[in-house]
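Notes to accompany the following structure.
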Protein chains: 2
Amino acid sequence: MNDARILIIDDDTDVRQAAALALAPHVEGCDEAASPLEAARLVRERRYDAVLLDMNFLAGARDGEAGLAALADLRAADPALGVVLLTAYGGVSLAVQAMKQGGEDFLLKPWRNAQLVAAIREAIARTSNRRHTPTLAAVEQSTITEALQRHGGNISRAAASLGLTRQALYRRLARDG
Amino acid sequence: MNDARILIIDDDTDVRQAAALALAPHVEGCDEAASPLEAARLVRERRYDAVLLDMNFLAGARDGEAGLAALADLRAADPALGVVLLTAYGGVSLAVQAMKQGGEDFLLKPWRNAQLVAAIREAIARTSNRRHTPTLAAVEQSTITEALQRHGGNISRAAASLGLTRQALYRRLARDG
DNA sequence: CGAACGGCGTCCGGATTCGTACAGTTGCGC
DNA sequence: GCGCAACTGTACGAATCCGGACGCCGTTCG
């Protein structure tokens, strides 16, 4: 968890440094990008474990459109990457839109450092989860368990919904527990 | 999609009726609950395809605490159920918290009917997706595909990460395509 | 009550899959 | 070029899994 690499995207140098300072004790290193364009380049070069993304570039534009576009780009480049959004002007609708687009969290400037650290930790954890490919057996097991409890323990129906025979499921349960 | 049953939770009768009226042309029926407690009872009795939940009960309490609790209860009772939140006073932090707790969308009063309908449609679709148990073969296939492209098409490494032998994966690919 | 039904547990022959073993190919450094 | 390492493709006996069939039990319905 502590050997994580973070990417901080904000057009304000002071903001980037403040965030990097707050995060430094908890991560292995922070890279900084002053624009979504630069961020896109960095993301392609190196693998990050979480991103802190400012939503408000272009001082006049407060609607966060640039931030949403950057979020989409980041997720396109690395779908597993957890992104924490940061904004000074954002309203509820922007926050909701960002969360629906896959943002892990949405913080307001000025932020409380503890909150920022917690959000980034969460994002790191989710990135790691999404990157981890589970064993095929594990996936099968969880799918079977889910189907079973969805059908109230009825083996026949669960088997049918999983697309296999009753005996096949019975045997798997007998073997794997 | 049109035979969906919706649950509307709000302490204001007028609000419930207005929402029901807006949704009526697009769903099979709407039930109404005036309190989270009543909602909990209804959810246990009947299966719904989406919920519209007001965040602000107890006129004085604007922090949405009651709404968050109700959201948690709903998701505990039926984890697949899509919930659209509705609030008059909510700030960004409440919206973000609600989305992190699994809310599908977060609308502000007064709402635009088109927006409400779209949000509910989305929630219905996601509920349906989460309720549908995929075939075991389909799950295996997607897991394998994901592992393969994560390792750049390298069969040996993908097989290792999936916990099976190289030939096993090779044979599956030969058979299933 | 008796029969029909649905579900569970089990057996068996045949099909399928597994793991080991070996050959062919590609890329790399010396 | 040569050895080496990693990967892919293929063959074969052994182990496993599949699906149909059967008996048993609890429930439901005539």
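If you're wondering about the labels, chains in the structure tokens are A, B, ... by order shown, residues count from 1 in each chain, ligands from 1 in order shown.
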Go ahead and align chain A to chain B (same sequence, so just pair every C-alpha in order, least squares) and export the moved chain as a CSV table (one decimal) with C-alpha atoms, in the first residue's frame.
chain,number,residue,atom,x,y,z
A,1,MET,CA,-38.4,-2.5,-19.5
A,2,ASN,CA,-41.9,-1.1,-19.4
A,3,ASP,CA,-43.2,-3.7,-16.9
A,4,ALA,CA,-41.1,-2.3,-14.1
A,5,ARG,CA,-42.4,-1.7,-10.6
A,6,ILE,CA,-41.1,1.4,-8.8
A,7,LEU,CA,-41.1,2.4,-5.2
A,8,ILE,CA,-41.3,6.1,-4.4
A,9,ILE,CA,-40.2,7.1,-0.9
A,10,ASP,CA,-40.9,10.6,0.3
A,11,ASP,CA,-42.7,12.1,3.2
A,12,ASP,CA,-44.5,14.7,1.1
A,13,THR,CA,-47.7,13.3,-0.6
A,14,ASP,CA,-47.6,15.9,-3.4
A,15,VAL,CA,-44.0,15.0,-4.3
A,16,ARG,CA,-44.9,11.3,-4.4
A,17,GLN,CA,-47.8,11.9,-6.6
A,18,ALA,CA,-45.9,14.2,-8.9
A,19,ALA,CA,-43.2,11.6,-9.3
A,20,ALA,CA,-45.6,8.8,-9.9
A,21,LEU,CA,-47.4,10.9,-12.5
A,22,ALA,CA,-44.2,11.6,-14.3
A,23,LEU,CA,-43.2,7.9,-14.3
A,24,ALA,CA,-46.6,6.4,-15.0
A,25,PRO,CA,-46.3,6.3,-18.8
A,26,HIS,CA,-42.9,4.5,-18.6
A,27,VAL,CA,-43.5,1.8,-16.0
A,28,GLU,CA,-46.0,-0.8,-15.0
A,29,GLY,CA,-46.7,0.7,-11.6
A,30,CYS,CA,-45.6,2.8,-8.7
A,31,ASP,CA,-45.9,2.1,-5.0
A,32,GLU,CA,-45.5,4.8,-2.5
A,33,ALA,CA,-44.0,4.9,1.0
A,34,ALA,CA,-44.1,7.9,3.3
A,35,SER,CA,-41.2,6.8,5.5
A,36,PRO,CA,-38.1,4.6,5.3
A,37,LEU,CA,-39.7,2.3,7.8
A,38,GLU,CA,-42.7,1.7,5.5
A,39,ALA,CA,-40.3,1.4,2.6
A,40,ALA,CA,-38.4,-1.4,4.3
A,41,ARG,CA,-41.6,-3.3,4.9
A,42,LEU,CA,-42.7,-2.9,1.2
A,43,VAL,CA,-39.3,-4.0,-0.1
A,44,ARG,CA,-39.5,-7.1,1.9
A,45,GLU,CA,-43.0,-7.9,0.6
A,46,ARG,CA,-42.5,-7.3,-3.1
A,47,ARG,CA,-39.7,-7.2,-5.6
A,48,TYR,CA,-39.1,-3.7,-7.1
A,49,ASP,CA,-37.1,-2.8,-10.1
A,50,ALA,CA,-36.0,0.6,-9.0
A,51,VAL,CA,-36.5,3.0,-6.0
A,52,LEU,CA,-36.8,6.8,-5.9
A,53,LEU,CA,-35.7,7.8,-2.4
A,54,ASP,CA,-35.9,11.3,-0.9
A,55,MET,CA,-33.0,12.1,1.3
A,56,ASN,CA,-34.6,14.7,3.6
A,57,PHE,CA,-37.0,13.4,6.2
A,58,LEU,CA,-37.5,15.2,9.5
A,59,ALA,CA,-37.9,18.8,8.2
A,60,GLY,CA,-35.2,20.1,10.4
A,61,ALA,CA,-32.5,17.7,9.4
A,62,ARG,CA,-30.9,18.8,6.2
A,63,ASP,CA,-27.8,16.6,6.4
A,64,GLY,CA,-29.5,13.7,4.8
A,65,GLU,CA,-28.5,11.3,7.5
A,66,ALA,CA,-31.9,9.6,7.5
A,67,GLY,CA,-31.7,9.2,3.7
A,68,LEU,CA,-28.3,7.6,3.9
A,69,ALA,CA,-29.5,5.2,6.5
A,70,ALA,CA,-32.5,4.4,4.4
A,71,LEU,CA,-30.3,3.8,1.4
A,72,ALA,CA,-28.1,1.4,3.4
A,73,ASP,CA,-31.2,-0.4,4.6
A,74,LEU,CA,-32.6,-0.8,1.0
A,75,ARG,CA,-29.3,-2.1,-0.3
A,76,ALA,CA,-29.1,-4.5,2.6
A,77,ALA,CA,-32.6,-5.8,1.9
A,78,ASP,CA,-31.9,-6.2,-1.9
A,79,PRO,CA,-28.3,-5.6,-3.0
A,80,ALA,CA,-29.3,-5.6,-6.7
A,81,LEU,CA,-31.9,-2.9,-6.3
A,82,GLY,CA,-31.0,0.4,-8.1
A,83,VAL,CA,-31.8,3.5,-6.0
A,84,VAL,CA,-32.2,7.0,-7.4
A,85,LEU,CA,-31.7,9.7,-4.7
A,86,LEU,CA,-33.7,12.9,-4.5
A,87,THR,CA,-33.0,16.0,-2.4
A,88,ALA,CA,-33.8,19.6,-2.0
A,89,TYR,CA,-31.0,20.6,0.3
A,90,GLY,CA,-28.2,18.3,-0.5
A,91,GLY,CA,-24.6,19.6,-0.9
A,92,VAL,CA,-21.8,18.0,-2.8
A,93,SER,CA,-20.6,16.0,0.2
A,94,LEU,CA,-24.0,14.3,0.7
A,95,ALA,CA,-24.2,13.6,-3.0
A,96,VAL,CA,-20.8,12.0,-3.1
A,97,GLN,CA,-21.4,10.0,0.0
A,98,ALA,CA,-24.7,8.7,-1.4
A,99,MET,CA,-23.0,7.7,-4.7
A,100,LYS,CA,-20.2,6.0,-2.9
A,101,GLN,CA,-22.9,4.0,-1.0
A,102,GLY,CA,-24.2,2.7,-4.3
A,103,GLY,CA,-26.8,5.2,-5.4
A,104,GLU,CA,-27.4,5.1,-9.1
A,105,ASP,CA,-28.1,8.8,-9.5
A,106,PHE,CA,-28.7,11.9,-7.4
A,107,LEU,CA,-31.3,14.4,-8.5
A,108,LEU,CA,-32.2,17.9,-7.1
A,109,LYS,CA,-35.7,19.1,-6.4
A,110,PRO,CA,-37.3,20.6,-8.3
A,111,TRP,CA,-36.5,18.0,-10.9
A,112,ARG,CA,-37.0,18.0,-14.6
A,113,ASN,CA,-39.3,15.1,-15.5
A,114,ALA,CA,-37.2,13.9,-18.4
A,115,GLN,CA,-34.2,13.7,-16.1
A,116,LEU,CA,-36.2,11.8,-13.6
A,117,VAL,CA,-37.4,9.3,-16.1
A,118,ALA,CA,-33.9,8.8,-17.6
A,119,ALA,CA,-32.5,8.2,-14.2
A,120,ILE,CA,-35.1,5.7,-13.3
A,121,ARG,CA,-34.7,3.9,-16.6
A,122,GLU,CA,-31.0,3.6,-15.9
A,123,ALA,CA,-31.6,2.3,-12.4
A,124,ILE,CA,-34.1,-0.3,-13.8
A,125,ALA,CA,-31.5,-1.4,-16.3
A,126,ARG,CA,-28.8,-1.8,-13.7
A,127,THR,CA,-31.1,-3.6,-11.3
A,128,SER,CA,-31.9,-6.1,-14.1
A,129,ASN,CA,-28.2,-6.5,-14.9
A,130,ARG,CA,-27.3,-7.2,-11.3
A,131,ARG,CA,-30.2,-9.7,-10.9
A,132,HIS,CA,-29.3,-11.6,-14.0
A,133,THR,CA,-27.0,-14.6,-13.1
A,134,PRO,CA,-24.8,-15.2,-16.1
A,135,THR,CA,-24.0,-18.6,-17.4
A,136,LEU,CA,-21.0,-20.2,-15.8
A,137,ALA,CA,-19.4,-20.6,-19.2
A,138,ALA,CA,-19.9,-16.9,-19.9
A,139,VAL,CA,-18.2,-15.9,-16.7
A,140,GLU,CA,-15.3,-18.2,-17.4
A,141,GLN,CA,-15.1,-16.8,-20.9
A,142,SER,CA,-15.0,-13.2,-19.9
A,143,THR,CA,-12.5,-13.9,-17.1
A,144,ILE,CA,-10.3,-15.6,-19.5
A,145,THR,CA,-10.5,-12.9,-22.1
A,146,GLU,CA,-9.8,-10.2,-19.5
A,147,ALA,CA,-6.7,-12.1,-18.2
A,148,LEU,CA,-5.5,-12.7,-21.7
A,149,GLN,CA,-5.6,-9.0,-22.7
A,150,ARG,CA,-4.1,-8.0,-19.4
A,151,HIS,CA,-1.1,-10.1,-20.3
A,152,GLY,CA,-0.9,-8.9,-23.9
A,153,GLY,CA,-2.0,-12.2,-25.4
A,154,ASN,CA,0.6,-14.2,-23.7
A,155,ILE,CA,-1.0,-17.6,-23.0
A,156,SER,CA,1.4,-18.9,-20.5
A,157,ARG,CA,1.3,-15.9,-18.2
A,158,ALA,CA,-2.5,-15.5,-18.5
A,159,ALA,CA,-2.9,-19.2,-17.7
A,160,ALA,CA,-0.6,-18.8,-14.6
A,161,SER,CA,-2.6,-15.8,-13.4
A,162,LEU,CA,-5.8,-17.7,-13.8
A,163,GLY,CA,-4.4,-20.6,-11.8
A,164,LEU,CA,-4.4,-23.2,-14.6
A,165,THR,CA,-1.9,-24.9,-16.9
A,166,ARG,CA,-0.8,-23.4,-20.1
A,167,GLN,CA,-2.2,-26.3,-22.1
A,168,ALA,CA,-5.6,-26.1,-20.3
A,169,LEU,CA,-5.9,-22.5,-21.4
A,170,TYR,CA,-4.7,-23.3,-24.9
A,171,ARG,CA,-7.3,-26.0,-25.3
A,172,ARG,CA,-10.1,-23.8,-24.0
A,173,LEU,CA,-9.1,-21.1,-26.6
A,174,ALA,CA,-8.9,-23.7,-29.3
A,175,ARG,CA,-12.4,-25.1,-28.4
A,176,ASP,CA,-14.3,-22.0,-27.5
A,177,GLY,CA,-12.7,-19.6,-29.9
**Report entry** Residues of chain D within 12 Å of chain B, counting only C-alpha atoms (C1' of nucleotides), as an MDAnalysis selection string
**Finding:** chainID D and resid 6:10
Find the nearest atom pair between each residue of chain C and chain B for residues within 9 Å, count only C-alpha atoms (C1' of nucleotides), give distances in Å to one decimal, sort rows by chain and ascending number, and present the table as a tab-separated table.
residue	atom	partner	partner_atom	distance
C:DT17	C1'	B:Ala168	CA	8.2
C:DC18	C1'	B:Ala168	CA	7.5
C:DG19	C1'	B:Thr165	CA	8.6
Identify all residues of segment 61-163 of chain B in strand (DSSP E) (DSSP on the backbone) and supply them as JSON, numbers by chain. {"B": [83, 84, 85, 86, 87, 105, 106, 107, 108]}
Item to complete: Find the residues near DG6 of chain C: any atom within 10 Å, counting only C-alpha atoms (C1' of nucleotides), skip ones fewer than 2 places away on the same chain, and give them as a ChimeraX atom specification.
Response: /A:156 /C:4,8 /D:26-27
Note to self: Need to verify the contact set: DC2 of chain D, 12 Å, only C-alpha atoms (C1' of nucleotides), exclusion of same-chain residues closer than 4 positions in sequence. Can you return it as a VMD selection string?
What the structure shows: chain C and resid 28 to 30
DT20 of chain C: which residues within 10 Å, counting only C-alpha atoms (C1' of nucleotides), same-chain residues fewer than 2 positions away excluded, as a CSV table (one decimal) with C-alpha atoms (C1' of nucleotides), in the first residue's frame?
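So the final result, stored in part15.csv, reads:
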chain,number,residue,atom,x,y,z
C,18,DC,C1',-5.6,-33.3,-17.7
C,22,DC,C1',8.6,-33.9,-27.0
D,12,DC,C1',-1.0,-40.1,-25.6
D,13,DG,C1',-2.2,-42.8,-21.5
Using only C-alpha atoms (C1' of nucleotides), the best pick from C:DC1, C:DG27, C:DA21, C:DA15 as closest to DT16 of chain D would be C:DA15
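Of note, atom C1' of DC12 of chain C and atom C1' of DA11 of chain D are spaced 28.5 Å apart.
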#### Entry: All alpha helix (DSSP H) positions in segment 3-169 of chain A, as a VMD selection string
chain A and resid 13 to 23 36 to 45 65 to 77 92 to 100 113 to 131 136 to 150 155 to 162 166 to 169
Could you please take those selected residues and save C-alpha atoms as a short mmCIF file (atom, residue, chain, number, x, y, z; two decimals), in the first residue's frame?
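Produced file result-v1.cif, reproduced below:
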data_model
loop_
_atom_site.label_atom_id
_atom_site.label_comp_id
_atom_site.auth_asym_id
_atom_site.auth_seq_id
_atom_site.Cartn_x
_atom_site.Cartn_y
_atom_site.Cartn_z
CA THR A 13 1.63 24.68 -9.11
CA ASP A 14 0.91 25.56 -5.48
CA VAL A 15 -2.04 23.20 -5.36
CA ARG A 16 0.04 20.38 -6.82
CA GLN A 17 2.80 20.92 -4.30
CA ALA A 18 0.41 21.13 -1.39
CA ALA A 19 -1.23 17.87 -2.40
CA ALA A 20 2.09 16.16 -2.99
CA LEU A 21 3.28 17.32 0.43
CA ALA A 22 0.19 15.95 2.11
CA LEU A 23 0.48 12.63 0.35
CA PRO A 36 -4.88 16.87 -18.99
CA LEU A 37 -2.74 16.59 -22.09
CA GLU A 38 0.42 16.14 -20.09
CA ALA A 39 -1.42 13.73 -17.82
CA ALA A 40 -2.44 11.59 -20.77
CA ARG A 41 1.19 11.35 -21.83
CA LEU A 42 2.38 10.38 -18.35
CA VAL A 43 -0.31 7.77 -17.93
CA ARG A 44 0.77 6.12 -21.13
CA GLU A 45 4.40 6.08 -19.99
CA GLU A 65 -16.32 20.03 -18.74
CA ALA A 66 -12.56 19.84 -19.18
CA GLY A 67 -12.30 17.77 -16.02
CA LEU A 68 -14.95 15.31 -17.15
CA ALA A 69 -13.18 14.92 -20.47
CA ALA A 70 -9.89 14.32 -18.68
CA LEU A 71 -11.56 11.75 -16.45
CA ALA A 72 -12.91 9.94 -19.48
CA ASP A 73 -9.48 9.98 -21.12
CA LEU A 74 -7.81 8.60 -18.01
CA ARG A 75 -10.30 5.80 -17.70
CA ALA A 76 -9.94 5.01 -21.38
CA ALA A 77 -6.17 4.79 -21.03
CA VAL A 92 -23.99 18.71 -7.07
CA SER A 93 -24.67 17.94 -10.70
CA LEU A 94 -21.00 17.96 -11.62
CA ALA A 95 -20.15 15.76 -8.67
CA VAL A 96 -22.86 13.27 -9.57
CA GLN A 97 -21.80 13.18 -13.18
CA ALA A 98 -18.19 12.59 -12.21
CA MET A 99 -19.13 9.77 -9.85
CA LYS A 100 -21.30 8.18 -12.52
CA ASN A 113 -5.48 16.64 4.36
CA ALA A 114 -6.84 13.68 6.28
CA GLN A 115 -9.73 13.51 3.88
CA LEU A 116 -7.47 13.70 0.87
CA VAL A 117 -5.22 10.96 2.19
CA ALA A 118 -8.18 8.73 2.97
CA ALA A 119 -9.66 9.23 -0.47
CA ILE A 120 -6.38 8.42 -2.18
CA ARG A 121 -5.90 5.35 -0.03
CA GLU A 122 -9.31 4.14 -1.09
CA ALA A 123 -8.55 4.83 -4.72
CA ILE A 124 -5.28 2.92 -4.47
CA ALA A 125 -7.05 -0.04 -2.94
CA ARG A 126 -9.70 -0.11 -5.66
CA THR A 127 -7.11 0.22 -8.39
CA SER A 128 -5.28 -2.73 -6.96
CA ASN A 129 -8.49 -4.74 -6.72
CA ARG A 130 -9.42 -4.02 -10.30
CA ARG A 131 -5.94 -4.90 -11.53
CA LEU A 136 -10.51 -18.97 -12.64
CA ALA A 137 -11.53 -21.35 -9.90
CA ALA A 138 -12.25 -18.44 -7.58
CA VAL A 139 -14.46 -16.75 -10.14
CA GLU A 140 -16.36 -19.94 -10.71
CA GLN A 141 -16.74 -20.46 -7.00
CA SER A 142 -18.13 -17.00 -6.34
CA THR A 143 -20.46 -17.18 -9.33
CA ILE A 144 -21.79 -20.51 -8.13
CA THR A 145 -22.22 -19.30 -4.57
CA GLU A 146 -24.09 -16.24 -5.77
CA ALA A 147 -26.38 -18.27 -8.00
CA LEU A 148 -27.05 -20.70 -5.18
CA GLN A 149 -28.08 -18.10 -2.67
CA ARG A 150 -30.12 -16.29 -5.31
CA ILE A 155 -29.42 -26.86 -6.57
CA SER A 156 -31.53 -27.68 -9.60
CA ARG A 157 -32.59 -24.11 -10.30
CA ALA A 158 -29.17 -22.66 -9.57
CA ALA A 159 -27.62 -25.17 -11.96
CA ALA A 160 -30.12 -24.30 -14.68
CA SER A 161 -29.45 -20.58 -14.30
CA LEU A 162 -25.72 -21.24 -14.52
CA ARG A 166 -27.91 -30.50 -11.82
CA GLN A 167 -25.39 -33.27 -11.24
CA ALA A 168 -22.53 -31.14 -12.44
CA LEU A 169 -23.31 -28.50 -9.84
#
